[in-house]
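*Asks:* So that you have it, the file is structure25.pdb, and it contains PDB, C-alpha atoms and all ligand atoms:
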```pdb
ATOM      1  CA  MET A   1    -131.040 204.668 -28.258  1.00  0.00           C
ATOM      2  CA  VAL A   2    -128.100 206.757 -27.092  1.00  0.00           C
ATOM      3  CA  LYS A   3    -130.057 207.619 -23.981  1.00  0.00           C
ATOM      4  CA  LEU A   4    -130.749 203.989 -23.165  1.00  0.00           C
ATOM      5  CA  THR A   5    -127.066 203.070 -23.412  1.00  0.00           C
ATOM      6  CA  ARG A   6    -126.202 205.974 -21.184  1.00  0.00           C
ATOM      7  CA  LEU A   7    -128.799 204.904 -18.653  1.00  0.00           C
ATOM      8  CA  ARG A   8    -127.485 201.377 -18.640  1.00  0.00           C
ATOM      9  CA  MET A   9    -123.941 202.640 -18.059  1.00  0.00           C
ATOM     10  CA  ASP A  10    -125.053 204.759 -15.132  1.00  0.00           C
ATOM     11  CA  PHE A  11    -126.877 201.802 -13.647  1.00  0.00           C
ATOM     12  CA  THR A  12    -123.797 199.599 -13.970  1.00  0.00           C
ATOM     13  CA  LEU A  13    -121.696 202.295 -12.352  1.00  0.00           C
ATOM     14  CA  LEU A  14    -124.178 202.613  -9.511  1.00  0.00           C
ATOM     15  CA  LEU A  15    -124.121 198.879  -8.920  1.00  0.00           C
ATOM     16  CA  ALA A  16    -120.337 198.877  -8.916  1.00  0.00           C
ATOM     17  CA  LEU A  17    -120.262 201.736  -6.427  1.00  0.00           C
ATOM     18  CA  LEU A  18    -122.845 200.165  -4.161  1.00  0.00           C
ATOM     19  CA  GLY A  19    -121.120 196.811  -4.339  1.00  0.00           C
ATOM     20  CA  GLY A  20    -117.754 198.350  -3.563  1.00  0.00           C
ATOM     21  CA  GLN A  21    -119.132 200.260  -0.636  1.00  0.00           C
ATOM     22  CA  ALA A  22    -120.829 197.229   0.867  1.00  0.00           C
ATOM     23  CA  VAL A  23    -117.580 195.277   0.877  1.00  0.00           C
ATOM     24  CA  HIS A  24    -115.754 198.305   2.247  1.00  0.00           C
ATOM     25  CA  ALA A  25    -118.166 198.776   5.126  1.00  0.00           C
ATOM     26  CA  ALA A  26    -118.243 195.099   6.019  1.00  0.00           C
ATOM     27  CA  ALA A  27    -114.558 194.355   6.364  1.00  0.00           C
ATOM     28  CA  PRO A  28    -111.902 196.816   5.361  1.00  0.00           C
ATOM     29  CA  ALA A  29    -108.782 194.717   4.949  1.00  0.00           C
ATOM     30  CA  GLY A  30    -105.990 195.829   7.246  1.00  0.00           C
ATOM     31  CA  ALA A  31    -103.383 195.070   4.611  1.00  0.00           C
ATOM     32  CA  ALA A  32    -105.104 197.368   2.113  1.00  0.00           C
ATOM     33  CA  VAL A  33    -105.441 200.192   4.645  1.00  0.00           C
ATOM     34  CA  PHE A  34    -101.762 199.802   5.513  1.00  0.00           C
ATOM     35  CA  ALA A  35    -100.688 199.865   1.862  1.00  0.00           C
ATOM     36  CA  ALA A  36    -102.806 202.916   1.088  1.00  0.00           C
ATOM     37  CA  HIS A  37    -102.169 205.035   4.189  1.00  0.00           C
ATOM     38  CA  CYS A  38     -99.080 203.913   6.125  1.00  0.00           C
ATOM     39  CA  ALA A  39     -96.582 202.213   3.815  1.00  0.00           C
ATOM     40  CA  VAL A  40     -95.534 205.502   2.179  1.00  0.00           C
ATOM     41  CA  CYS A  41     -93.754 206.429   5.416  1.00  0.00           C
ATOM     42  CA  HIS A  42     -93.383 203.257   7.462  1.00  0.00           C
ATOM     43  CA  GLY A  43     -92.359 201.093   4.468  1.00  0.00           C
ATOM     44  CA  GLN A  44     -94.055 198.208   2.657  1.00  0.00           C
ATOM     45  CA  ASP A  45     -93.075 195.743   5.375  1.00  0.00           C
ATOM     46  CA  ALA A  46     -93.602 198.152   8.286  1.00  0.00           C
ATOM     47  CA  LEU A  47     -89.847 198.114   8.929  1.00  0.00           C
ATOM     48  CA  GLY A  48     -89.607 201.901   8.848  1.00  0.00           C
ATOM     49  CA  VAL A  49     -86.895 204.073   7.349  1.00  0.00           C
ATOM     50  CA  ALA A  50     -83.802 204.488   9.537  1.00  0.00           C
ATOM     51  CA  GLY A  51     -83.564 207.979  10.958  1.00  0.00           C
ATOM     52  CA  SER A  52     -86.883 209.136   9.522  1.00  0.00           C
ATOM     53  CA  PHE A  53     -89.820 206.826  10.133  1.00  0.00           C
ATOM     54  CA  PRO A  54     -89.966 204.327  13.002  1.00  0.00           C
ATOM     55  CA  PRO A  55     -90.638 200.649  12.322  1.00  0.00           C
ATOM     56  CA  LEU A  56     -94.093 199.443  13.332  1.00  0.00           C
ATOM     57  CA  LYS A  57     -93.342 195.750  13.031  1.00  0.00           C
ATOM     58  CA  GLY A  58     -93.086 194.342  16.539  1.00  0.00           C
ATOM     59  CA  GLN A  59     -93.793 197.731  18.120  1.00  0.00           C
ATOM     60  CA  VAL A  60     -97.530 197.659  17.489  1.00  0.00           C
ATOM     61  CA  THR A  61     -97.700 194.095  18.792  1.00  0.00           C
ATOM     62  CA  ALA A  62     -95.905 195.115  21.990  1.00  0.00           C
ATOM     63  CA  PHE A  63     -98.118 198.155  22.570  1.00  0.00           C
ATOM     64  CA  ALA A  64    -101.287 196.192  21.782  1.00  0.00           C
ATOM     65  CA  LYS A  65    -100.523 193.831  24.662  1.00  0.00           C
ATOM     66  CA  LEU A  66    -100.940 196.681  27.164  1.00  0.00           C
ATOM     67  CA  PRO A  67    -104.268 198.447  27.811  1.00  0.00           C
ATOM     68  CA  ALA A  68    -102.445 201.814  27.897  1.00  0.00           C
ATOM     69  CA  GLY A  69    -100.645 200.846  24.710  1.00  0.00           C
ATOM     70  CA  ARG A  70    -103.937 200.206  22.917  1.00  0.00           C
ATOM     71  CA  ASP A  71    -105.136 203.680  23.917  1.00  0.00           C
ATOM     72  CA  TYR A  72    -101.849 205.107  22.626  1.00  0.00           C
ATOM     73  CA  LEU A  73    -102.020 203.315  19.264  1.00  0.00           C
ATOM     74  CA  VAL A  74    -105.573 204.439  18.493  1.00  0.00           C
ATOM     75  CA  THR A  75    -104.903 208.015  19.639  1.00  0.00           C
ATOM     76  CA  ALA A  76    -101.626 208.206  17.689  1.00  0.00           C
ATOM     77  CA  VAL A  77    -103.305 207.070  14.474  1.00  0.00           C
ATOM     78  CA  SER A  78    -106.374 209.271  14.968  1.00  0.00           C
ATOM     79  CA  GLY A  79    -104.663 212.435  16.212  1.00  0.00           C
ATOM     80  CA  GLY A  80    -101.123 212.177  14.861  1.00  0.00           C
ATOM     81  CA  LEU A  81     -97.861 212.559  16.803  1.00  0.00           C
ATOM     82  CA  ILE A  82     -95.263 215.247  17.378  1.00  0.00           C
ATOM     83  CA  GLY A  83     -92.029 214.697  19.277  1.00  0.00           C
ATOM     84  CA  SER A  84     -89.367 212.049  19.768  1.00  0.00           C
ATOM     85  CA  VAL A  85     -89.849 208.310  19.964  1.00  0.00           C
ATOM     86  CA  GLN A  86     -87.165 205.750  20.679  1.00  0.00           C
ATOM     87  CA  VAL A  87     -87.371 202.398  18.956  1.00  0.00           C
ATOM     88  CA  ALA A  88     -84.651 199.748  19.182  1.00  0.00           C
ATOM     89  CA  GLY A  89     -82.092 202.250  20.442  1.00  0.00           C
ATOM     90  CA  GLU A  90     -82.768 204.716  17.647  1.00  0.00           C
ATOM     91  CA  THR A  91     -84.407 208.110  18.181  1.00  0.00           C
ATOM     92  CA  TYR A  92     -86.941 209.408  15.693  1.00  0.00           C
ATOM     93  CA  THR A  93     -87.855 213.065  15.999  1.00  0.00           C
ATOM     94  CA  GLY A  94     -90.613 213.942  13.669  1.00  0.00           C
ATOM     95  CA  ALA A  95     -94.297 214.327  13.169  1.00  0.00           C
ATOM     96  CA  MET A  96     -96.934 211.961  11.976  1.00  0.00           C
ATOM     97  CA  PRO A  97    -100.012 213.559  10.412  1.00  0.00           C
ATOM     98  CA  ALA A  98    -103.367 212.560  11.894  1.00  0.00           C
ATOM     99  CA  GLN A  99    -104.872 209.705   9.910  1.00  0.00           C
ATOM    100  CA  ASN A 100    -108.329 211.095  10.555  1.00  0.00           C
ATOM    101  CA  MET A 101    -109.608 210.184   7.110  1.00  0.00           C
ATOM    102  CA  LEU A 102    -109.851 206.581   8.330  1.00  0.00           C
ATOM    103  CA  SER A 103    -113.112 205.176   9.643  1.00  0.00           C
ATOM    104  CA  GLU A 104    -113.209 203.380  12.991  1.00  0.00           C
ATOM    105  CA  ALA A 105    -113.428 200.103  11.067  1.00  0.00           C
ATOM    106  CA  GLU A 106    -110.314 200.982   9.064  1.00  0.00           C
ATOM    107  CA  VAL A 107    -108.347 201.928  12.196  1.00  0.00           C
ATOM    108  CA  ALA A 108    -109.408 198.638  13.805  1.00  0.00           C
ATOM    109  CA  ALA A 109    -108.425 196.708  10.688  1.00  0.00           C
ATOM    110  CA  VAL A 110    -104.993 198.276  10.235  1.00  0.00           C
ATOM    111  CA  LEU A 111    -104.035 197.992  13.913  1.00  0.00           C
ATOM    112  CA  SER A 112    -105.221 194.378  14.035  1.00  0.00           C
ATOM    113  CA  PHE A 113    -103.197 193.676  10.894  1.00  0.00           C
ATOM    114  CA  LEU A 114    -100.047 195.172  12.450  1.00  0.00           C
ATOM    115  CA  ALA A 115    -100.598 193.642  15.900  1.00  0.00           C
ATOM    116  CA  SER A 116    -100.823 190.191  14.326  1.00  0.00           C
ATOM    117  CA  ASP A 117     -97.666 190.857  12.292  1.00  0.00           C
ATOM    118  CA  GLY A 118     -99.574 191.027   9.045  1.00  0.00           C
ATOM    119  CA  GLY A 119    -101.777 188.120  10.032  1.00  0.00           C
ATOM    120  CA  LYS A 120     -98.747 185.824   9.730  1.00  0.00           C
ATOM    121  CA  ALA A 121     -97.802 185.293  13.336  1.00  0.00           C
ATOM    122  CA  LYS A 122     -99.867 184.041  16.233  1.00  0.00           C
ATOM    123  CA  THR A 123     -98.914 186.947  18.447  1.00  0.00           C
ATOM    124  CA  GLY A 124    -101.649 186.170  20.973  1.00  0.00           C
ATOM    125  CA  VAL A 125    -102.795 189.765  20.800  1.00  0.00           C
ATOM    126  CA  GLN A 126    -106.490 190.505  20.810  1.00  0.00           C
ATOM    127  CA  ALA A 127    -107.722 192.134  17.591  1.00  0.00           C
ATOM    128  CA  PHE A 128    -109.188 195.640  17.665  1.00  0.00           C
ATOM    129  CA  ASP A 129    -112.849 196.142  16.855  1.00  0.00           C
ATOM    130  CA  VAL A 130    -114.978 199.188  16.121  1.00  0.00           C
ATOM    131  CA  LYS A 131    -116.429 199.234  19.639  1.00  0.00           C
ATOM    132  CA  GLU A 132    -112.962 199.519  21.167  1.00  0.00           C
ATOM    133  CA  ILE A 133    -111.887 202.268  18.743  1.00  0.00           C
ATOM    134  CA  VAL A 134    -115.013 204.289  19.605  1.00  0.00           C
ATOM    135  CA  ALA A 135    -114.430 203.768  23.347  1.00  0.00           C
ATOM    136  CA  ILE A 136    -110.764 204.804  23.158  1.00  0.00           C
ATOM    137  CA  ARG A 137    -111.541 207.879  21.059  1.00  0.00           C
ATOM    138  CA  SER A 138    -114.154 208.970  23.586  1.00  0.00           C
ATOM    139  CA  ARG A 139    -111.642 208.543  26.429  1.00  0.00           C
ATOM    140  CA  HIS A 140    -109.184 210.896  24.679  1.00  0.00           C
ATOM    141  CA  PRO A 141    -111.314 213.402  22.758  1.00  0.00           C
ATOM    142  CA  GLY A 142    -109.312 215.709  20.508  1.00  0.00           C
ATOM    143  CA  VAL A 143    -105.972 214.412  21.826  1.00  0.00           C
ATOM    144  CA  ALA A 144    -103.318 214.899  19.151  1.00  0.00           C
ATOM    145  CA  GLY A 145     -99.654 215.578  18.482  1.00  0.00           C
ATOM    146  CA  ALA A 146     -97.492 215.963  21.606  1.00  0.00           C
ATOM    147  CA  ALA A 147    -100.432 215.089  23.871  1.00  0.00           C
ATOM    148  CA  ALA A 148    -100.962 211.844  21.954  1.00  0.00           C
ATOM    149  CA  LEU A 149     -97.255 211.052  22.308  1.00  0.00           C
ATOM    150  CA  ALA A 150     -97.547 211.612  26.078  1.00  0.00           C
ATOM    151  CA  LEU A 151     -99.844 208.560  26.195  1.00  0.00           C
ATOM    152  CA  ARG A 152     -97.003 206.320  24.938  1.00  0.00           C
ATOM    153  CA  PRO A 153     -96.279 203.746  27.657  1.00  0.00           C
ATOM    154  CA  SER A 154     -92.773 202.465  28.123  1.00  0.00           C
ATOM    155  CA  LEU A 155     -92.421 198.938  26.865  1.00  0.00           C
ATOM    156  CA  PRO A 156     -90.925 196.159  28.944  1.00  0.00           C
ATOM    157  CA  GLY A 157     -87.222 195.928  28.233  1.00  0.00           C
ATOM    158  CA  THR A 158     -86.854 199.426  26.797  1.00  0.00           C
TER     159      THR A 158
HETATM  160  C1  LIG B 201     -96.420 211.027   6.476  1.00  0.00           C
HETATM  161  C2  LIG B 201     -95.735 209.926   7.112  1.00  0.00           C
HETATM  162  C3  LIG B 201     -96.535 208.977   7.971  1.00  0.00           C
HETATM  163  C4  LIG B 201     -97.686 208.291   7.655  1.00  0.00           C
HETATM  164  C5  LIG B 201     -98.500 208.372   6.361  1.00  0.00           C
HETATM  165  C6  LIG B 201     -97.983 207.439   8.774  1.00  0.00           C
HETATM  166  N1  LIG B 201     -97.053 207.623   9.762  1.00  0.00           N
HETATM  167 FE1  LIG B 201     -97.004 206.696  11.578  1.00  0.00          FE
HETATM  168  N2  LIG B 201     -95.392 207.815  12.107  1.00  0.00           N
HETATM  169  C7  LIG B 201     -94.728 208.714  11.307  1.00  0.00           C
HETATM  170  C8  LIG B 201     -93.679 209.360  12.073  1.00  0.00           C
HETATM  171  C9  LIG B 201     -92.705 210.417  11.566  1.00  0.00           C
HETATM  172  C10 LIG B 201     -93.729 208.801  13.362  1.00  0.00           C
HETATM  173  C11 LIG B 201     -92.858 209.195  14.552  1.00  0.00           C
HETATM  174  C12 LIG B 201     -93.568 210.351  15.239  1.00  0.00           C
HETATM  175  C13 LIG B 201     -92.707 211.216  16.096  1.00  0.00           C
HETATM  176  O1  LIG B 201     -91.491 211.291  15.862  1.00  0.00           O
HETATM  177  O2  LIG B 201     -93.281 211.859  17.016  1.00  0.00           O
HETATM  178  C14 LIG B 201     -94.821 207.829  13.350  1.00  0.00           C
HETATM  179  C15 LIG B 201     -95.186 207.053  14.442  1.00  0.00           C
HETATM  180  C16 LIG B 201     -96.159 206.080  14.435  1.00  0.00           C
HETATM  181  C17 LIG B 201     -96.512 205.249  15.563  1.00  0.00           C
HETATM  182  C18 LIG B 201     -95.869 205.272  16.941  1.00  0.00           C
HETATM  183  C19 LIG B 201     -94.697 204.299  16.995  1.00  0.00           C
HETATM  184  C20 LIG B 201     -94.065 204.227  18.343  1.00  0.00           C
HETATM  185  O3  LIG B 201     -93.110 203.447  18.502  1.00  0.00           O
HETATM  186  O4  LIG B 201     -94.489 204.924  19.269  1.00  0.00           O
HETATM  187  C21 LIG B 201     -97.521 204.422  15.156  1.00  0.00           C
HETATM  188  C22 LIG B 201     -98.224 203.363  15.983  1.00  0.00           C
HETATM  189  C23 LIG B 201     -97.803 204.752  13.780  1.00  0.00           C
HETATM  190  N3  LIG B 201     -96.959 205.768  13.361  1.00  0.00           N
HETATM  191  C24 LIG B 201     -98.754 204.111  13.020  1.00  0.00           C
HETATM  192  C25 LIG B 201     -99.128 204.516  11.742  1.00  0.00           C
HETATM  193  C26 LIG B 201    -100.186 203.902  10.985  1.00  0.00           C
HETATM  194  C27 LIG B 201    -101.001 202.707  11.442  1.00  0.00           C
HETATM  195  C28 LIG B 201    -100.300 204.605   9.815  1.00  0.00           C
HETATM  196  C29 LIG B 201    -101.296 204.398   8.702  1.00  0.00           C
HETATM  197  C30 LIG B 201    -102.701 204.400   9.078  1.00  0.00           C
HETATM  198  C31 LIG B 201     -99.277 205.641   9.840  1.00  0.00           C
HETATM  199  N4  LIG B 201     -98.578 205.548  11.014  1.00  0.00           N
HETATM  200  C32 LIG B 201     -99.053 206.567   8.824  1.00  0.00           C
HETATM  201  C33 LIG B 201     -95.035 208.996   9.989  1.00  0.00           C
HETATM  202  C34 LIG B 201     -96.144 208.550   9.309  1.00  0.00           C
END
```
Is it possible to express this structure as structure tokens?

*Replies:*
Amino acid sequence: MVKLTRLRMDFTLLLALLGGQAVHAAAPAGAAVFAAHCAVCHGQDALGVAGSFPPLKGQVTAFAKLPAGRDYLVTAVSGGLIGSVQVAGETYTGAMPAQNMLSEAEVAAVLSFLASDGGKAKTGVQAFDVKEIVAIRSRHPGVAGAAALALRPSLPGT
């Protein structure tokens, strides 16, 4: 009797795990990836922390409009950054750890989420998909830190 209950619990757990994984693999929500992996530094609303962490709001949209900017975004997230970036007249000198625990689908989801301003604005920017993430990663294999920062294109008006 005890055994049967135990077995049933394991089965329920297995179903829950399988179910969770299926949803995860199908469409990781960009908002959830952002909350779990980026908000701790870049802030809940992606507005950054003055002097420490640059804002991503607006920046990711601007980079995502340029082919070179899309390469930069994916490489920065995958390989991390070291050095100085200037955003809205403010200089941030720091390091961002590689977010290499994220799957291609999660990178696509979080960058699409940010590029569309949290899905709120019609920014006219094309979403990222897994195919593009794979292609960009294979164009810049192992690029990280200062070398990833070197890919940062200058934005119009900056
Ligand atoms: C531990 C803190 C930390 C976490 C977590 C983090 N970042 Fe960063 N991020 C930084 C710092 C610091 C910089 C500035 C890097 C520098 O000074 O070289 C940065 C820079 C960036 C840039 C470049 C901005 C620009 O204007 O060039 C992007 C894009 C970015 N982060 C996206 C993300 C995304 C997306 C996530 C979540 C998947 C994330 N970051 C998680 C700290 C973090």

*Asks:* Produce as a list in words the set of residues near ligand LIG 201 (chain B), where near means within 6 Å with only C-alpha atoms and all ligand atoms considered.

*Replies:*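 If we count only C-alpha atoms and all ligand atoms, the neighbours of ligand LIG 201 (chain B) turn out to be Phe34, His37, Cys38, Val40, Cys41, Phe53, Pro54, Gln59, Val60, Leu73, Val77, Leu81, Ile82, Gly83, Ser84, Val85, Val87, Tyr92, Thr93, Gly94, Ala95, Met96, Pro97 and Gln99 of chain A.
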
*Asks:* Which of these residues is nearest to Lys122 of chain A, using only C-alpha atoms: A:Ala32, A:Thr61, A:Thr91, A:Ala109?

*Replies:* A:Thr61

*Asks:* With 12 Å as the threshold, what does the neighbourhood of (-107.0, 218.5, 19.6) contain in terms of residues, counting all atoms listed in the file? Coordinates are those of the file; answer as a ChimeraX atom specification.

*Replies:* /A:75-76,78-81,98,100,137,140-148

*Asks:* Identify which of the residues A:Ala150, A:Leu111, A:Ala64, A:Phe128 lies closest to Ala46 of chain A, counting only C-alpha atoms when measuring atom-to-atom distances.

*Replies:*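 Once distances to Ala46 of chain A are computed over only C-alpha atoms, the minimum belongs to A:Leu111.
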
*Asks:* What does the distance between atom CA of Ser112 of chain A and atom CA of Ala127 of chain A come to in Å, to one decimal place?

*Replies:*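 The value is 4.9 Å.
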
*Asks:* Evaluate the PyMOL selection byres (((chain A and resi 106) around 8) and not hetatm) and record the selected residues as a list in words, following the chain and residue labels used in the document.

*Replies:*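 Output from the PyMOL selection byres (((chain A and resi 106) around 8) and not hetatm), applied to this file: Pro28, Ala29, Gly30, Val33, Leu102, Ser103, Glu104, Ala105, Val107, Ala108, Ala109 and Val110 of chain A.
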
*Asks:* Just to confirm, what's the straight-line distance from atom CA of Leu155 of chain A to atom CA of Phe63 of chain A in Å (one decimal)?

*Replies:*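 Separation of atom CA of Leu155 of chain A and atom CA of Phe63 of chain A: 7.2 Å.
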
*Asks:* When the PyMOL selection byres (((chain A and resi 69) around 9) and not hetatm) is applied to the file above, which residues end up in the set, as an mmCIF file with C-alpha atoms, in the frame of the given file?

*Replies:*
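New file part_19.cif:
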```
data_model
loop_
_atom_site.group_PDB
_atom_site.id
_atom_site.type_symbol
_atom_site.label_atom_id
_atom_site.label_comp_id
_atom_site.auth_asym_id
_atom_site.auth_seq_id
_atom_site.Cartn_x
_atom_site.Cartn_y
_atom_site.Cartn_z
ATOM 1 C CA VAL A 60 -97.530 197.659 17.489
ATOM 2 C CA ALA A 62 -95.905 195.115 21.990
ATOM 3 C CA PHE A 63 -98.118 198.155 22.570
ATOM 4 C CA ALA A 64 -101.287 196.192 21.782
ATOM 5 C CA LYS A 65 -100.523 193.831 24.662
ATOM 6 C CA LEU A 66 -100.940 196.681 27.164
ATOM 7 C CA PRO A 67 -104.268 198.447 27.811
ATOM 8 C CA ALA A 68 -102.445 201.814 27.897
ATOM 9 C CA ARG A 70 -103.937 200.206 22.917
ATOM 10 C CA ASP A 71 -105.136 203.680 23.917
ATOM 11 C CA TYR A 72 -101.849 205.107 22.626
ATOM 12 C CA LEU A 73 -102.020 203.315 19.264
ATOM 13 C CA VAL A 74 -105.573 204.439 18.493
ATOM 14 C CA LEU A 151 -99.844 208.560 26.195
ATOM 15 C CA ARG A 152 -97.003 206.320 24.938
ATOM 16 C CA PRO A 153 -96.279 203.746 27.657
ATOM 17 C CA SER A 154 -92.773 202.465 28.123
ATOM 18 C CA LEU A 155 -92.421 198.938 26.865
#
```

*Asks:* Tell me, in Å to one decimal, how far atom CA of Ala88 of chain A is from atom CA of Lys120 of chain A.

*Replies:*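 So the two atoms, atom CA of Ala88 of chain A and atom CA of Lys120 of chain A, lie 22.0 Å apart.
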
*Asks:* For Ala35 of chain A, which residue out of A:Leu114, A:Ile136, A:Val130, A:Leu149 is the nearest one, using all atoms listed in the file?

*Replies:*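 Among A:Leu114, A:Ile136, A:Val130, A:Leu149, it is A:Leu114 that comes nearest to Ala35 of chain A.
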